[in-house]
Amino acid sequence: SRLLSLFGGVGQAMLSPEGNSLSTMKNLTKKLIKQIVETLVLSFHSTSICPGMSPYTKNQRDEKRLYYMLDKYLDFITSSIGCESFNLD
């Protein structure tokens, strides 16, 4: 449902490069920030980093697209939005 029409519908919306465009992810992020969401969770299946192991990355071109989207999205949220990232180590 195209990320629930960019969060217009109440329910779950996932920030994920799997099945979404970079612009869709950015638009969703802006809407979430406007709604004062304090935590953004970016997720993807671990199998997506291995070409052929996921329907989202069927080949190396898809894998490069995934990494490109992650890089550009993380750059967007840190430089344009001002978010800070952390890992769960």
# chains A, B, ... in the order shown; residues from 1 in each chain; ligands from 1

call {"tool": "residues_around", "arguments": {"residues": "Pro51 in chain A", "least_positions_apart": "5", "cutoff": "9 Å", "atoms": "only C-alpha atoms", "output": "list in words"}}
result
Tyr56, Thr57, Lys58, Asn59, Gln60, Arg61, Asp62 and Glu63 of chain A

call {"tool": "write_last_selection", "arguments": {"atoms": "N, CA, C and O atoms", "output": "short mmCIF file (atom, residue, chain, number, x, y, z; two decimals), in the first residue's frame"}}
result
data_model
loop_
_atom_site.label_atom_id
_atom_site.label_comp_id
_atom_site.auth_asym_id
_atom_site.auth_seq_id
_atom_site.Cartn_x
_atom_site.Cartn_y
_atom_site.Cartn_z
N TYR A 56 14.43 -9.25 -3.03
CA TYR A 56 14.79 -7.85 -3.14
C TYR A 56 16.16 -7.65 -3.79
O TYR A 56 16.44 -6.57 -4.30
N THR A 57 17.02 -8.65 -3.71
CA THR A 57 18.34 -8.57 -4.32
C THR A 57 18.60 -9.85 -5.10
O THR A 57 19.25 -10.78 -4.61
N LYS A 58 18.08 -9.88 -6.30
CA LYS A 58 18.20 -11.07 -7.13
C LYS A 58 19.57 -11.19 -7.78
O LYS A 58 19.98 -12.28 -8.17
N ASN A 59 20.30 -10.07 -7.88
CA ASN A 59 21.61 -10.08 -8.53
C ASN A 59 22.47 -8.97 -7.94
O ASN A 59 22.04 -8.23 -7.05
N GLN A 60 23.70 -8.83 -8.46
CA GLN A 60 24.61 -7.83 -7.92
C GLN A 60 24.13 -6.40 -8.19
O GLN A 60 24.40 -5.50 -7.40
N ARG A 61 23.42 -6.20 -9.27
CA ARG A 61 22.88 -4.86 -9.54
C ARG A 61 21.89 -4.46 -8.45
O ARG A 61 21.91 -3.33 -7.96
N ASP A 62 21.03 -5.40 -8.06
CA ASP A 62 20.08 -5.13 -6.98
C ASP A 62 20.80 -4.87 -5.66
O ASP A 62 20.40 -4.00 -4.88
N GLU A 63 21.87 -5.63 -5.42
CA GLU A 63 22.66 -5.45 -4.19
C GLU A 63 23.28 -4.05 -4.16
O GLU A 63 23.22 -3.35 -3.14
#

call {"tool": "select_by_dssp", "arguments": {"residues": "chain A", "states": "alpha helix (DSSP H)", "output": "mmCIF file with all heavy atoms, in the first residue's frame"}}
result
data_model
loop_
_atom_site.group_PDB
_atom_site.id
_atom_site.type_symbol
_atom_site.label_atom_id
_atom_site.label_comp_id
_atom_site.auth_asym_id
_atom_site.auth_seq_id
_atom_site.Cartn_x
_atom_site.Cartn_y
_atom_site.Cartn_z
ATOM 1 N N ARG A 2 1.930 1.234 -0.693
ATOM 2 C CA ARG A 2 2.855 2.369 -0.851
ATOM 3 C C ARG A 2 3.084 3.055 0.485
ATOM 4 O O ARG A 2 2.864 4.234 0.678
ATOM 5 C CB ARG A 2 2.348 3.344 -1.892
ATOM 6 C CG ARG A 2 3.424 4.105 -2.566
ATOM 7 C CD ARG A 2 4.211 3.135 -3.442
ATOM 8 N NE ARG A 2 5.313 3.816 -4.040
ATOM 9 C CZ ARG A 2 6.497 3.298 -4.173
ATOM 10 N NH1 ARG A 2 6.727 2.078 -3.781
ATOM 11 N NH2 ARG A 2 7.456 3.961 -4.741
ATOM 12 N N LEU A 3 3.556 2.259 1.436
ATOM 13 C CA LEU A 3 3.788 2.698 2.806
ATOM 14 C C LEU A 3 2.570 3.386 3.397
ATOM 15 O O LEU A 3 2.619 4.451 3.984
ATOM 16 C CB LEU A 3 5.008 3.611 2.886
ATOM 17 C CG LEU A 3 6.351 2.945 2.668
ATOM 18 C CD1 LEU A 3 7.448 3.983 2.756
ATOM 19 C CD2 LEU A 3 6.607 1.827 3.627
ATOM 20 N N LEU A 4 1.427 2.709 3.217
ATOM 21 C CA LEU A 4 0.147 3.188 3.720
ATOM 22 C C LEU A 4 -0.105 4.630 3.288
ATOM 23 O O LEU A 4 -0.423 5.503 4.075
ATOM 24 C CB LEU A 4 0.068 3.060 5.235
ATOM 25 C CG LEU A 4 -0.036 1.635 5.756
ATOM 26 C CD1 LEU A 4 0.090 1.626 7.270
ATOM 27 C CD2 LEU A 4 -1.327 0.998 5.320
ATOM 28 N N SER A 5 0.055 4.829 1.986
ATOM 29 C CA SER A 5 -0.129 6.163 1.395
ATOM 30 C C SER A 5 0.670 7.210 2.164
ATOM 31 O O SER A 5 0.168 8.242 2.577
ATOM 32 C CB SER A 5 -1.592 6.532 1.335
ATOM 33 O OG SER A 5 -2.277 5.633 0.520
ATOM 34 N N LEU A 6 1.921 6.894 2.364
ATOM 35 C CA LEU A 6 2.848 7.767 3.089
ATOM 36 C C LEU A 6 2.328 8.155 4.464
ATOM 37 O O LEU A 6 2.270 9.300 4.856
ATOM 38 C CB LEU A 6 3.215 8.995 2.267
ATOM 39 C CG LEU A 6 4.152 8.684 1.133
ATOM 40 C CD1 LEU A 6 4.355 9.944 0.286
ATOM 41 C CD2 LEU A 6 5.480 8.173 1.626
ATOM 42 N N PHE A 7 1.940 7.124 5.189
ATOM 43 C CA PHE A 7 1.553 7.237 6.580
ATOM 44 C C PHE A 7 0.233 7.961 6.770
ATOM 45 O O PHE A 7 -0.136 8.347 7.863
ATOM 46 C CB PHE A 7 2.656 7.918 7.411
ATOM 47 C CG PHE A 7 2.708 7.446 8.826
ATOM 48 C CD1 PHE A 7 2.980 6.134 9.115
ATOM 49 C CD2 PHE A 7 2.479 8.332 9.862
ATOM 50 C CE1 PHE A 7 3.034 5.696 10.424
ATOM 51 C CE2 PHE A 7 2.534 7.905 11.181
ATOM 52 C CZ PHE A 7 2.809 6.581 11.454
ATOM 53 N N LEU A 22 13.792 5.536 -2.727
ATOM 54 C CA LEU A 22 14.465 6.460 -1.826
ATOM 55 C C LEU A 22 13.572 7.663 -1.538
ATOM 56 O O LEU A 22 13.467 8.094 -0.389
ATOM 57 C CB LEU A 22 15.804 6.910 -2.436
ATOM 58 C CG LEU A 22 16.655 7.847 -1.611
ATOM 59 C CD1 LEU A 22 16.995 7.253 -0.252
ATOM 60 C CD2 LEU A 22 17.918 8.206 -2.375
ATOM 61 N N SER A 23 12.901 8.173 -2.548
ATOM 62 C CA SER A 23 12.023 9.327 -2.325
ATOM 63 C C SER A 23 10.848 8.966 -1.406
ATOM 64 O O SER A 23 10.442 9.774 -0.568
ATOM 65 C CB SER A 23 11.525 9.910 -3.645
ATOM 66 O OG SER A 23 10.744 8.986 -4.344
ATOM 67 N N THR A 24 10.326 7.760 -1.521
ATOM 68 C CA THR A 24 9.243 7.318 -0.629
ATOM 69 C C THR A 24 9.740 7.259 0.815
ATOM 70 O O THR A 24 9.054 7.703 1.737
ATOM 71 C CB THR A 24 8.709 5.946 -1.068
ATOM 72 O OG1 THR A 24 8.171 6.058 -2.382
ATOM 73 C CG2 THR A 24 7.629 5.440 -0.126
ATOM 74 N N MET A 25 10.936 6.735 1.004
ATOM 75 C CA MET A 25 11.504 6.654 2.350
ATOM 76 C C MET A 25 11.737 8.050 2.937
ATOM 77 O O MET A 25 11.464 8.293 4.105
ATOM 78 C CB MET A 25 12.796 5.839 2.334
ATOM 79 C CG MET A 25 12.576 4.359 2.046
ATOM 80 S SD MET A 25 14.108 3.443 1.783
ATOM 81 C CE MET A 25 14.990 3.740 3.293
ATOM 82 N N LYS A 26 12.227 8.967 2.106
ATOM 83 C CA LYS A 26 12.461 10.337 2.578
ATOM 84 C C LYS A 26 11.139 11.017 2.941
ATOM 85 O O LYS A 26 11.043 11.675 3.978
ATOM 86 C CB LYS A 26 13.176 11.154 1.505
ATOM 87 C CG LYS A 26 14.631 10.798 1.332
ATOM 88 C CD LYS A 26 15.231 11.662 0.223
ATOM 89 C CE LYS A 26 16.699 11.428 0.035
ATOM 90 N NZ LYS A 26 17.251 12.318 -1.027
ATOM 91 N N ASN A 27 10.136 10.858 2.099
ATOM 92 C CA ASN A 27 8.824 11.471 2.372
ATOM 93 C C ASN A 27 8.201 10.915 3.645
ATOM 94 O O ASN A 27 7.635 11.658 4.439
ATOM 95 C CB ASN A 27 7.881 11.279 1.189
ATOM 96 C CG ASN A 27 8.268 12.114 0.000
ATOM 97 O OD1 ASN A 27 8.930 13.136 0.126
ATOM 98 N ND2 ASN A 27 7.860 11.683 -1.181
ATOM 99 N N LEU A 28 8.299 9.617 3.828
ATOM 100 C CA LEU A 28 7.776 9.003 5.044
ATOM 101 C C LEU A 28 8.509 9.541 6.267
ATOM 102 O O LEU A 28 7.891 9.882 7.276
ATOM 103 C CB LEU A 28 7.884 7.479 4.980
ATOM 104 C CG LEU A 28 7.474 6.736 6.254
ATOM 105 C CD1 LEU A 28 6.014 7.018 6.609
ATOM 106 C CD2 LEU A 28 7.701 5.242 6.091
ATOM 107 N N THR A 29 9.818 9.664 6.165
ATOM 108 C CA THR A 29 10.616 10.184 7.275
ATOM 109 C C THR A 29 10.185 11.593 7.642
ATOM 110 O O THR A 29 10.004 11.909 8.820
ATOM 111 C CB THR A 29 12.111 10.158 6.916
ATOM 112 O OG1 THR A 29 12.494 8.803 6.675
ATOM 113 C CG2 THR A 29 12.957 10.744 8.033
ATOM 114 N N LYS A 30 9.990 12.440 6.659
ATOM 115 C CA LYS A 30 9.552 13.815 6.920
ATOM 116 C C LYS A 30 8.202 13.836 7.620
ATOM 117 O O LYS A 30 7.986 14.603 8.558
ATOM 118 C CB LYS A 30 9.477 14.602 5.613
ATOM 119 C CG LYS A 30 10.830 14.902 5.014
ATOM 120 C CD LYS A 30 10.661 15.564 3.649
ATOM 121 C CE LYS A 30 11.967 15.671 2.906
ATOM 122 N NZ LYS A 30 11.772 16.220 1.538
ATOM 123 N N LYS A 31 7.294 12.973 7.183
ATOM 124 C CA LYS A 31 5.967 12.912 7.817
ATOM 125 C C LYS A 31 6.066 12.400 9.254
ATOM 126 O O LYS A 31 5.379 12.898 10.140
ATOM 127 C CB LYS A 31 5.020 12.048 6.997
ATOM 128 C CG LYS A 31 4.599 12.727 5.706
ATOM 129 C CD LYS A 31 3.555 11.925 4.984
ATOM 130 C CE LYS A 31 3.219 12.623 3.693
ATOM 131 N NZ LYS A 31 1.898 13.227 3.707
ATOM 132 N N LEU A 32 6.914 11.413 9.479
ATOM 133 C CA LEU A 32 7.092 10.885 10.832
ATOM 134 C C LEU A 32 7.694 11.932 11.754
ATOM 135 O O LEU A 32 7.269 12.078 12.911
ATOM 136 C CB LEU A 32 7.963 9.626 10.803
ATOM 137 C CG LEU A 32 7.335 8.395 10.155
ATOM 138 C CD1 LEU A 32 8.385 7.305 9.955
ATOM 139 C CD2 LEU A 32 6.174 7.878 10.980
ATOM 140 N N ILE A 33 8.671 12.685 11.254
ATOM 141 C CA ILE A 33 9.306 13.735 12.048
ATOM 142 C C ILE A 33 8.276 14.816 12.396
ATOM 143 O O ILE A 33 8.238 15.313 13.526
ATOM 144 C CB ILE A 33 10.504 14.345 11.297
ATOM 145 C CG1 ILE A 33 11.606 13.300 11.076
ATOM 146 C CG2 ILE A 33 11.047 15.582 12.006
ATOM 147 C CD1 ILE A 33 12.334 12.845 12.297
ATOM 148 N N LYS A 34 7.437 15.179 11.448
ATOM 149 C CA LYS A 34 6.391 16.179 11.705
ATOM 150 C C LYS A 34 5.427 15.712 12.788
ATOM 151 O O LYS A 34 4.856 16.506 13.519
ATOM 152 C CB LYS A 34 5.609 16.491 10.428
ATOM 153 C CG LYS A 34 6.299 17.448 9.521
ATOM 154 C CD LYS A 34 5.421 17.778 8.336
ATOM 155 C CE LYS A 34 6.136 18.713 7.388
ATOM 156 N NZ LYS A 34 5.317 19.048 6.217
ATOM 157 N N GLN A 60 23.699 -8.834 -8.460
ATOM 158 C CA GLN A 60 24.614 -7.830 -7.921
ATOM 159 C C GLN A 60 24.133 -6.403 -8.188
ATOM 160 O O GLN A 60 24.401 -5.504 -7.399
ATOM 161 C CB GLN A 60 26.017 -8.029 -8.471
ATOM 162 C CG GLN A 60 26.707 -9.236 -7.872
ATOM 163 C CD GLN A 60 28.143 -9.365 -8.322
ATOM 164 O OE1 GLN A 60 28.512 -8.900 -9.398
ATOM 165 N NE2 GLN A 60 28.958 -10.003 -7.500
ATOM 166 N N ARG A 61 23.425 -6.196 -9.266
ATOM 167 C CA ARG A 61 22.884 -4.861 -9.541
ATOM 168 C C ARG A 61 21.890 -4.456 -8.450
ATOM 169 O O ARG A 61 21.913 -3.332 -7.961
ATOM 170 C CB ARG A 61 22.224 -4.828 -10.914
ATOM 171 C CG ARG A 61 21.840 -3.414 -11.338
ATOM 172 C CD ARG A 61 21.200 -3.424 -12.674
ATOM 173 N NE ARG A 61 19.759 -3.543 -12.399
ATOM 174 C CZ ARG A 61 18.818 -3.567 -13.302
ATOM 175 N NH1 ARG A 61 19.121 -3.532 -14.573
ATOM 176 N NH2 ARG A 61 17.560 -3.647 -12.968
ATOM 177 N N ASP A 62 21.029 -5.395 -8.059
ATOM 178 C CA ASP A 62 20.077 -5.128 -6.976
ATOM 179 C C ASP A 62 20.803 -4.866 -5.661
ATOM 180 O O ASP A 62 20.403 -4.003 -4.875
ATOM 181 C CB ASP A 62 19.120 -6.299 -6.794
ATOM 182 C CG ASP A 62 18.161 -6.490 -7.952
ATOM 183 O OD1 ASP A 62 17.987 -5.548 -8.754
ATOM 184 O OD2 ASP A 62 17.580 -7.587 -8.043
ATOM 185 N N GLU A 63 21.874 -5.629 -5.420
ATOM 186 C CA GLU A 63 22.659 -5.450 -4.194
ATOM 187 C C GLU A 63 23.275 -4.048 -4.164
ATOM 188 O O GLU A 63 23.222 -3.354 -3.141
ATOM 189 C CB GLU A 63 23.756 -6.503 -4.102
ATOM 190 C CG GLU A 63 24.642 -6.343 -2.878
ATOM 191 C CD GLU A 63 25.878 -7.213 -2.938
ATOM 192 O OE1 GLU A 63 26.340 -7.561 -4.043
ATOM 193 O OE2 GLU A 63 26.400 -7.523 -1.862
ATOM 194 N N LYS A 64 23.826 -3.615 -5.278
ATOM 195 C CA LYS A 64 24.411 -2.268 -5.344
ATOM 196 C C LYS A 64 23.347 -1.200 -5.136
ATOM 197 O O LYS A 64 23.590 -0.187 -4.479
ATOM 198 C CB LYS A 64 25.119 -2.062 -6.687
ATOM 199 C CG LYS A 64 26.420 -2.815 -6.780
ATOM 200 C CD LYS A 64 27.113 -2.565 -8.104
ATOM 201 C CE LYS A 64 28.394 -3.382 -8.162
ATOM 202 N NZ LYS A 64 29.114 -3.170 -9.402
ATOM 203 N N ARG A 65 22.147 -1.437 -5.671
ATOM 204 C CA ARG A 65 21.043 -0.509 -5.475
ATOM 205 C C ARG A 65 20.680 -0.416 -3.999
ATOM 206 O O ARG A 65 20.450 0.670 -3.459
ATOM 207 C CB ARG A 65 19.819 -0.929 -6.293
ATOM 208 C CG ARG A 65 18.657 0.072 -6.225
ATOM 209 C CD ARG A 65 17.387 -0.472 -6.846
ATOM 210 N NE ARG A 65 16.801 -1.574 -6.109
ATOM 211 C CZ ARG A 65 16.122 -1.449 -4.953
ATOM 212 N NH1 ARG A 65 15.943 -0.281 -4.412
ATOM 213 N NH2 ARG A 65 15.625 -2.496 -4.351
ATOM 214 N N LEU A 66 20.646 -1.554 -3.321
ATOM 215 C CA LEU A 66 20.341 -1.579 -1.891
ATOM 216 C C LEU A 66 21.361 -0.750 -1.115
ATOM 217 O O LEU A 66 20.994 0.106 -0.303
ATOM 218 C CB LEU A 66 20.326 -3.018 -1.367
ATOM 219 C CG LEU A 66 20.161 -3.153 0.147
ATOM 220 C CD1 LEU A 66 18.703 -2.993 0.537
ATOM 221 C CD2 LEU A 66 20.694 -4.480 0.629
ATOM 222 N N TYR A 67 22.653 -0.980 -1.368
ATOM 223 C CA TYR A 67 23.694 -0.229 -0.670
ATOM 224 C C TYR A 67 23.636 1.257 -1.007
ATOM 225 O O TYR A 67 23.842 2.110 -0.141
ATOM 226 C CB TYR A 67 25.078 -0.788 -0.978
ATOM 227 C CG TYR A 67 25.377 -2.075 -0.238
ATOM 228 C CD1 TYR A 67 25.756 -3.222 -0.918
ATOM 229 C CD2 TYR A 67 25.286 -2.144 1.151
ATOM 230 C CE1 TYR A 67 26.031 -4.397 -0.254
ATOM 231 C CE2 TYR A 67 25.557 -3.320 1.831
ATOM 232 C CZ TYR A 67 25.941 -4.437 1.129
ATOM 233 O OH TYR A 67 26.210 -5.593 1.804
ATOM 234 N N TYR A 68 23.352 1.574 -2.252
ATOM 235 C CA TYR A 68 23.222 2.965 -2.669
ATOM 236 C C TYR A 68 22.081 3.638 -1.904
ATOM 237 O O TYR A 68 22.243 4.741 -1.375
ATOM 238 C CB TYR A 68 22.972 3.048 -4.180
ATOM 239 C CG TYR A 68 22.676 4.444 -4.659
ATOM 240 C CD1 TYR A 68 23.715 5.329 -4.934
ATOM 241 C CD2 TYR A 68 21.365 4.872 -4.842
ATOM 242 C CE1 TYR A 68 23.446 6.625 -5.371
ATOM 243 C CE2 TYR A 68 21.091 6.163 -5.266
ATOM 244 C CZ TYR A 68 22.131 7.031 -5.541
ATOM 245 O OH TYR A 68 21.854 8.307 -5.965
ATOM 246 N N MET A 69 20.933 2.974 -1.848
ATOM 247 C CA MET A 69 19.779 3.534 -1.140
ATOM 248 C C MET A 69 20.076 3.715 0.346
ATOM 249 O O MET A 69 19.726 4.749 0.926
ATOM 250 C CB MET A 69 18.543 2.656 -1.325
ATOM 251 C CG MET A 69 17.911 2.804 -2.684
ATOM 252 S SD MET A 69 16.382 1.865 -2.847
ATOM 253 C CE MET A 69 15.343 2.612 -1.603
ATOM 254 N N LEU A 70 20.711 2.733 0.960
ATOM 255 C CA LEU A 70 21.052 2.852 2.378
ATOM 256 C C LEU A 70 22.003 4.023 2.608
ATOM 257 O O LEU A 70 21.816 4.814 3.532
ATOM 258 C CB LEU A 70 21.672 1.553 2.896
ATOM 259 C CG LEU A 70 20.729 0.360 3.024
ATOM 260 C CD1 LEU A 70 21.511 -0.905 3.336
ATOM 261 C CD2 LEU A 70 19.666 0.620 4.079
ATOM 262 N N ASP A 71 23.006 4.154 1.764
ATOM 263 C CA ASP A 71 23.974 5.234 1.879
ATOM 264 C C ASP A 71 23.297 6.594 1.735
ATOM 265 O O ASP A 71 23.494 7.496 2.553
ATOM 266 C CB ASP A 71 25.073 5.065 0.829
ATOM 267 C CG ASP A 71 26.118 6.155 0.913
ATOM 268 O OD1 ASP A 71 26.728 6.310 1.989
ATOM 269 O OD2 ASP A 71 26.323 6.852 -0.108
ATOM 270 N N LYS A 72 22.478 6.745 0.704
ATOM 271 C CA LYS A 72 21.809 8.019 0.450
ATOM 272 C C LYS A 72 20.779 8.338 1.534
ATOM 273 O O LYS A 72 20.630 9.489 1.935
ATOM 274 C CB LYS A 72 21.150 8.031 -0.931
ATOM 275 C CG LYS A 72 22.137 7.980 -2.063
ATOM 276 C CD LYS A 72 23.080 9.162 -1.999
ATOM 277 C CE LYS A 72 24.106 9.117 -3.103
ATOM 278 N NZ LYS A 72 25.132 10.154 -2.920
ATOM 279 N N TYR A 73 20.068 7.332 2.009
ATOM 280 C CA TYR A 73 19.071 7.562 3.061
ATOM 281 C C TYR A 73 19.753 7.972 4.368
ATOM 282 O O TYR A 73 19.331 8.922 5.025
ATOM 283 C CB TYR A 73 18.192 6.333 3.283
ATOM 284 C CG TYR A 73 17.174 6.571 4.370
ATOM 285 C CD1 TYR A 73 16.070 7.377 4.144
ATOM 286 C CD2 TYR A 73 17.344 6.033 5.638
ATOM 287 C CE1 TYR A 73 15.150 7.648 5.157
ATOM 288 C CE2 TYR A 73 16.440 6.286 6.650
ATOM 289 C CZ TYR A 73 15.347 7.095 6.399
ATOM 290 O OH TYR A 73 14.442 7.370 7.409
ATOM 291 N N LEU A 74 20.813 7.260 4.746
ATOM 292 C CA LEU A 74 21.520 7.594 5.981
ATOM 293 C C LEU A 74 22.138 8.985 5.890
ATOM 294 O O LEU A 74 22.144 9.739 6.868
ATOM 295 C CB LEU A 74 22.569 6.532 6.304
ATOM 296 C CG LEU A 74 21.990 5.167 6.686
ATOM 297 C CD1 LEU A 74 23.095 4.136 6.814
ATOM 298 C CD2 LEU A 74 21.166 5.243 7.958
ATOM 299 N N ASP A 75 22.639 9.347 4.718
ATOM 300 C CA ASP A 75 23.162 10.693 4.514
ATOM 301 C C ASP A 75 22.039 11.718 4.684
ATOM 302 O O ASP A 75 22.218 12.753 5.325
ATOM 303 C CB ASP A 75 23.795 10.813 3.127
ATOM 304 C CG ASP A 75 24.390 12.183 2.891
ATOM 305 O OD1 ASP A 75 25.233 12.618 3.698
ATOM 306 O OD2 ASP A 75 23.999 12.820 1.889
#

call {"tool": "atom_distance", "arguments": {"atom1": "CA of Pro55 in chain A", "atom2": "CA of Ser85 in chain A"}}
result
27.4 Å

call {"tool": "residues_around", "arguments": {"residues": "range 40-49 of chain A", "least_positions_apart": "2", "cutoff": "6 Å", "atoms": "only C-alpha atoms", "output": "NGL selection string"}}
result
:A and (15-16 or 53-54 or 57)

call {"tool": "write_last_selection", "arguments": {"atoms": "C-alpha atoms", "output": "PDB file, in the first residue's frame"}}
result
ATOM      1  CA  LEU A  15      11.273   2.345   6.605  1.00  0.00           C
ATOM      2  CA  SER A  16      12.976  -0.159   4.360  1.00  0.00           C
ATOM      3  CA  MET A  53      19.124 -14.967  -1.386  1.00  0.00           C
ATOM      4  CA  SER A  54      16.192 -12.545  -1.350  1.00  0.00           C
ATOM      5  CA  THR A  57      18.345  -8.567  -4.323  1.00  0.00           C
TER       6      THR A  57
END
